[in-house]
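Trainee: As input, take structure_3.pdb (PDB, C-alpha atoms):
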```
ATOM      1  CA  MET I  21      19.942   4.809 -23.154
ATOM      2  CA  LYS I  22      19.154   3.045 -19.900
ATOM      3  CA  THR I  23      21.771   1.327 -17.826
ATOM      4  CA  ALA I  24      21.067  -1.532 -15.426
ATOM      5  CA  ALA I  25      18.607  -0.296 -12.827
ATOM      6  CA  THR I  26      17.528  -1.911  -9.603
ATOM      7  CA  GLU I  27      13.906  -1.602  -8.611
ATOM      8  CA  PHE I  28      11.125  -3.155  -6.631
ATOM      9  CA  ARG I  29       8.066  -4.646  -8.286
ATOM     10  CA  PHE I  30       4.662  -5.147  -6.674
ATOM     11  CA  ASP I  31       4.363  -8.855  -5.889
ATOM     12  CA  ALA I  32       1.474  -9.524  -3.461
ATOM     13  CA  TYR I  33      -0.872  -8.081  -0.872
ATOM     14  CA  HIS I  34      -2.904  -9.377   2.078
ATOM     15  CA  VAL I  35      -5.907  -7.531   3.530
ATOM     16  CA  LEU I  36      -8.074  -7.926   6.607
ATOM     17  CA  PRO I  37     -10.851  -8.785   6.525
ATOM     18  CA  ASP I  38      -9.934 -10.902   3.528
ATOM     19  CA  SER I  39     -13.008 -10.146   1.447
ATOM     20  CA  PRO I  40     -13.483  -9.083  -2.182
ATOM     21  CA  GLN I  41     -14.772  -5.667  -1.010
ATOM     22  CA  MET I  42     -11.736  -5.028   1.229
ATOM     23  CA  GLN I  43      -9.382  -6.130  -1.551
ATOM     24  CA  LYS I  44     -11.063  -3.612  -3.865
ATOM     25  CA  ASP I  45     -11.050  -0.804  -1.262
ATOM     26  CA  PHE I  46      -7.416  -1.494  -0.408
ATOM     27  CA  LEU I  47      -6.348  -1.300  -4.064
ATOM     28  CA  TYR I  48      -8.309   1.957  -4.485
ATOM     29  CA  VAL I  49      -6.507   3.468  -1.508
ATOM     30  CA  VAL I  50      -2.971   2.367  -2.349
ATOM     31  CA  ALA I  51      -3.286   3.119  -6.076
ATOM     32  CA  SER I  52      -4.736   6.562  -5.364
ATOM     33  CA  LEU I  53      -1.943   7.470  -2.932
ATOM     34  CA  LYS I  54       0.794   5.996  -5.117
ATOM     35  CA  ALA I  55      -0.535   7.782  -8.231
ATOM     36  CA  ARG I  56       0.274  11.088  -6.517
ATOM     37  CA  SER I  57       3.680  10.046  -5.196
ATOM     38  CA  SER I  58       7.168  10.158  -6.620
ATOM     39  CA  GLU I  59       8.110   6.784  -5.115
ATOM     40  CA  PRO I  60       9.722   4.288  -7.506
ATOM     41  CA  THR I  61       7.044   1.648  -6.787
ATOM     42  CA  ALA I  62       4.167   3.979  -7.717
ATOM     43  CA  ALA I  63       3.796   3.077 -11.406
ATOM     44  CA  ASP I  64       3.769  -0.665 -10.714
ATOM     45  CA  VAL I  65       1.055  -0.375  -8.027
ATOM     46  CA  VAL I  66      -1.135   1.757 -10.313
ATOM     47  CA  ARG I  67      -0.573  -0.710 -13.183
ATOM     48  CA  ILE I  68      -1.717  -3.681 -11.052
ATOM     49  CA  ALA I  69      -4.768  -1.754  -9.818
ATOM     50  CA  LYS I  70      -5.761  -0.917 -13.415
ATOM     51  CA  ILE I  71      -5.399  -4.582 -14.426
ATOM     52  CA  ASN I  72      -7.924  -5.300 -11.654
ATOM     53  CA  GLY I  73     -10.329  -2.655 -12.991
ATOM     54  CA  ILE I  74      -9.471  -0.042 -10.379
ATOM     55  CA  LEU I  75      -8.575   3.491 -11.377
ATOM     56  CA  PRO I  76      -6.956   5.869  -8.884
ATOM     57  CA  VAL I  77      -9.277   8.503  -7.436
ATOM     58  CA  GLU I  78      -8.552  12.058  -6.309
ATOM     59  CA  VAL I  79      -6.639  12.457  -3.031
ATOM     60  CA  GLU I  80      -7.347  15.559  -0.957
ATOM     61  CA  GLY I  81      -4.557  16.925   1.231
ATOM     62  CA  PHE I  82      -1.970  14.516  -0.172
ATOM     63  CA  GLN I  83       1.243  14.399   1.856
ATOM     64  CA  GLU I  84       4.468  12.571   1.083
ATOM     65  CA  TYR I  85       6.820  11.770   3.953
ATOM     66  CA  PRO I  86      10.074  10.758   2.197
ATOM     67  CA  GLY I  87      11.400   7.412   3.364
ATOM     68  CA  ARG I  88       8.398   6.903   5.681
ATOM     69  CA  GLY I  89       5.106   6.987   3.827
ATOM     70  CA  LEU I  90       2.147   8.742   2.216
ATOM     71  CA  GLY I  91      -1.167  10.102   3.423
ATOM     72  CA  GLY I  92      -4.312  11.911   2.367
ATOM     73  CA  LEU I  93      -8.086  11.838   2.177
ATOM     74  CA  VAL I  94      -9.482   9.227  -0.218
ATOM     75  CA  LYS I  95     -13.172   8.858  -1.026
ATOM     76  CA  LEU I  96     -13.931   5.215  -1.658
ATOM     77  CA  PRO I  97     -16.584   4.342  -4.249
ATOM     78  CA  ASP I  98     -20.083   4.148  -2.755
ATOM     79  CA  GLU I  99     -19.081   6.300   0.242
ATOM     80  CA  GLN I 100     -20.146   9.883   0.871
ATOM     81  CA  ARG I 101     -17.170  11.116   2.882
ATOM     82  CA  PRO I 102     -13.435  10.653   2.363
ATOM     83  CA  ARG I 103     -11.335   8.619   4.765
ATOM     84  CA  ALA I 104      -7.973   9.689   6.172
ATOM     85  CA  VAL I 105      -5.623   6.998   4.862
ATOM     86  CA  ILE I 106      -1.920   6.425   5.291
ATOM     87  CA  MET I 107       0.584   3.945   3.981
ATOM     88  CA  GLY I 108       4.215   3.370   4.743
ATOM     89  CA  THR I 109       6.701   1.645   6.985
ATOM     90  CA  ARG I 110       5.783  -0.211  10.154
ATOM     91  CA  ARG I 111       7.349   2.548  12.242
ATOM     92  CA  PHE I 112       5.413   5.277  10.378
ATOM     93  CA  MET I 113       2.127   3.438  10.929
ATOM     94  CA  GLU I 114       2.894   3.045  14.627
ATOM     95  CA  GLN I 115       3.818   6.756  14.896
ATOM     96  CA  CYS I 116       0.457   7.578  13.294
ATOM     97  CA  GLY I 117      -1.303   5.437  15.913
ATOM     98  CA  LEU I 118      -2.582   2.619  13.688
ATOM     99  CA  GLU I 119      -2.963  -0.858  15.189
ATOM    100  CA  ILE I 120      -1.575  -3.818  13.237
ATOM    101  CA  PRO I 121      -3.891  -6.865  13.439
ATOM    102  CA  ALA I 122      -2.100 -10.079  14.472
ATOM    103  CA  ILE I 123      -2.883 -11.867  11.192
ATOM    104  CA  LEU I 124      -1.297  -9.059   9.143
ATOM    105  CA  GLU I 125       1.664  -8.963  11.545
ATOM    106  CA  VAL I 126       2.292 -12.660  10.843
ATOM    107  CA  THR I 127       2.123 -12.075   7.069
ATOM    108  CA  MET I 128       4.426  -9.073   7.299
ATOM    109  CA  ARG I 129       7.048 -10.914   9.365
ATOM    110  CA  LYS I 130       6.980 -13.851   6.930
ATOM    111  CA  TRP I 131       7.430 -11.561   3.919
ATOM    112  CA  GLU I 132      10.155  -9.514   5.646
ATOM    113  CA  LYS I 133      12.218 -12.706   6.034
ATOM    114  CA  GLU I 134      12.097 -13.407   2.304
ATOM    115  CA  LYS I 135      15.218 -12.516   0.393
ATOM    116  CA  ASN I 136      14.996  -9.279  -1.646
ATOM    117  CA  SER I 137      11.562  -8.307  -0.355
ATOM    118  CA  MET I 138      10.178  -5.076   1.059
ATOM    119  CA  THR I 139       6.840  -4.584   2.821
ATOM    120  CA  VAL I 140       4.550  -1.567   3.093
ATOM    121  CA  LEU I 141       1.452  -1.195   5.262
ATOM    122  CA  ALA I 142      -1.703   0.814   4.570
ATOM    123  CA  GLY I 143      -4.715   1.613   6.688
ATOM    124  CA  TRP I 144      -7.475   3.911   7.889
ATOM    125  CA  ASP I 145      -9.874   4.319  10.816
ATOM    126  CA  GLY I 146      -7.175   3.391  13.347
ATOM    127  CA  TRP I 147      -6.262   0.033  11.809
ATOM    128  CA  VAL I 148      -3.775  -1.296   9.295
ATOM    129  CA  ARG I 149      -6.015  -2.835   6.625
ATOM    130  CA  GLY I 150      -3.367  -4.546   4.538
ATOM    131  CA  VAL I 151       0.257  -5.208   3.740
ATOM    132  CA  LEU I 152       1.937  -5.055   0.329
ATOM    133  CA  LYS I 153       5.013  -7.022  -0.695
ATOM    134  CA  PHE I 154       7.523  -5.783  -3.221
ATOM    135  CA  ILE I 155      10.292  -7.921  -4.699
ATOM    136  CA  HIS I 156      13.698  -6.490  -5.555
ATOM    137  CA  SER I 157      14.605  -7.029  -9.181
ATOM    138  CA  SER I 158      17.292  -5.884 -11.593
ATOM    139  CA  ARG I 159      16.587  -4.815 -15.163
ATOM    140  CA  ASN I 160      18.970  -4.111 -17.974
TER     141      ASN I 160
END
```
The structure given in the file should be rewritten as structure tokens.
Mentor:
Amino acid sequence: MKTAATEFRFDAYHVLPDSPQMQKDFLYVVASLKARSSEPTAADVVRIAKINGILPVEVEGFQEYPGRGLGGLVKLPDEQRPRAVIMGTRRFMEQCGLEIPAILEVTMRKWEKEKNSMTVLAGWDGWVRGVLKFIHSSRN
């Protein structure tokens, strides 16, 4: 029997450039990393990706950095070589040397101010490519 549990649910994401291809690539990356993780938000991210017709792909060299983020090599569809991708907190992304574009910084700051929200960044090739927003919810 389950008791009341508090969790975060995947609510929104913003990518740059804001194109259908980047949205698809971003969901491939985050769903693939989350599918390998033990984070509580993992199942919800994978569920949303599947609703959008995106199935997680294999991640080589997967690493989980508890409380900070995830990383690994993800081969995007239609690409020959995998990309080194990471996702996690703002501080983790900065420690890994990824630049946060100004437009995504604005989105992240706006979402961080919202009550009961949590943000996560993801990127590759030296840049944060998108931000995810999770909303805190309680279930009985």
Trainee: Mind listing whatever residues come within 8 Å of the point (-1.6, -4.1, -7.9)? Use only C-alpha atoms, file coordinates, and give them as JSON, numbers by chain.
Mentor: {"I": [30, 31, 32, 47, 51, 64, 65, 66, 67, 68, 69, 70, 71, 72]}
Trainee: Would you work out the distance separating atom CA of Leu93 of chain I from atom CA of Gly146 of chain I, expressed in Å to one decimal?
Mentor: 14.0 Å
Trainee: As an exercise, work out the distance from atom CA of His34 of chain I to atom CA of Gly81 of chain I in Å and give it to one decimal place.
Mentor: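 Atom-to-atom, atom CA of His34 of chain I and atom CA of Gly81 of chain I are spaced 26.4 Å apart.
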Trainee: So, counting all atoms listed in the file, which residue among I:Tyr85, I:Glu134, I:Gly143, I:Gln115 is closest to Tyr48 of chain I?
Mentor: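 Ranked by minimum distance to Tyr48 of chain I, first place goes to I:Gly143.
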Trainee: Any idea what's packed within 7 Å of Leu141 of chain I, counting only C-alpha atoms, ignoring anything in its chain fewer than 5 positions away? Could you give it as a list in words?
Mentor: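 The neighbour list is Met107, Gly108, Thr109, Arg110, Val148, Gly150, Val151 and Leu152 of chain I.
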Trainee: Create the file for the chosen residues now, containing C-alpha atoms and written as a JSON list (two decimals), in the coordinates of the input.
Mentor:
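What follows is the written file part38.json:
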```
[["chain", "number", "residue", "atom", "x", "y", "z"],
["I", 107, "MET", "CA", 0.58, 3.94, 3.98],
["I", 108, "GLY", "CA", 4.22, 3.37, 4.74],
["I", 109, "THR", "CA", 6.70, 1.64, 6.98],
["I", 110, "ARG", "CA", 5.78, -0.21, 10.15],
["I", 148, "VAL", "CA", -3.78, -1.30, 9.30],
["I", 150, "GLY", "CA", -3.37, -4.55, 4.54],
["I", 151, "VAL", "CA", 0.26, -5.21, 3.74],
["I", 152, "LEU", "CA", 1.94, -5.06, 0.33]]
```
Trainee: Can you measure atom CA of Ala104 of chain I to atom CA of Asp38 of chain I for me? One decimal in Å is fine.
Mentor: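 Computing it gives 20.9 Å between the two atoms.
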Trainee: Counting only C-alpha atoms, what is within 9 Å of Val94 of chain I, bar same-chain residues fewer than 5 positions away, as a PyMOL selection string?
Mentor: chain I and resi 48-49+52-53+77-80+101-105
Trainee: Looking at I:Lys153, I:Glu59, I:Gly73, I:Gly89, which one is nearest to Lys130 of chain I, with distances taken over all atoms listed in the file?
Mentor: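 Smallest separation from Lys130 of chain I among the options: I:Lys153.
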Trainee: Using all atoms listed in the file for the distances, tell me which of I:Leu36, I:Ala62, I:Leu90, I:Met42 is nearest to Phe154 of chain I.
Mentor: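 Closest to Phe154 of chain I of all the choices is I:Ala62.
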Trainee: Around segment 49-52 of chain I, fit a box with edges along x, y and z, padding it by 3 Å on each side, then list its centre and edge lengths in Å to one decimal as lines of an AutoDock Vina configuration file.
Mentor:
```
center_x = -4.7
center_y = 4.5
center_z = -3.8
size_x = 9.5
size_y = 10.2
size_z = 10.6
```
Trainee: Choose the residue, out of I:Arg56, I:Lys95, I:Arg149, I:Lys44, that has the smallest atom-to-atom separation from Ala122 of chain I; count all atoms listed in the file.
Mentor: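 Among the listed residues, I:Arg149 lies closest to Ala122 of chain I.
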Trainee: Which residues are close to Gly91 of chain I, i.e. within 6 Å by only C-alpha atoms, leaving aside same-chain residues fewer than 6 positions away? Reply as an mmCIF file with C-alpha atoms, keeping the file's coordinate frame.
Mentor:
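Ended up saving to around_36.cif:
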```
data_model
loop_
_atom_site.group_PDB
_atom_site.id
_atom_site.type_symbol
_atom_site.label_atom_id
_atom_site.label_comp_id
_atom_site.auth_asym_id
_atom_site.auth_seq_id
_atom_site.Cartn_x
_atom_site.Cartn_y
_atom_site.Cartn_z
ATOM 1 C CA PHE I 82 -1.970 14.516 -0.172
ATOM 2 C CA GLN I 83 1.243 14.399 1.856
ATOM 3 C CA VAL I 105 -5.623 6.998 4.862
ATOM 4 C CA ILE I 106 -1.920 6.425 5.291
#
```
Trainee: Between I:Gly87, I:Glu27, I:Glu99, I:Pro76, which is the closest to Ala55 of chain I once you count only C-alpha atoms?
Mentor: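 Closest residue, counting only C-alpha atoms: I:Pro76.
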Trainee: Choose the residue, out of I:Trp144, I:Lys133, I:Gln41, I:Thr139, that has the smallest atom-to-atom separation from Gly117 of chain I; count all atoms listed in the file.
Mentor: I:Trp144
Trainee: Quick one: residues within 7 Å of Leu118 of chain I, all atoms listed in the file counted, chain neighbours fewer than 2 positions away excluded, as a list in words?
Mentor: Met113, Glu114, Cys116, Ile120, Gly146, Trp147 and Val148 of chain I
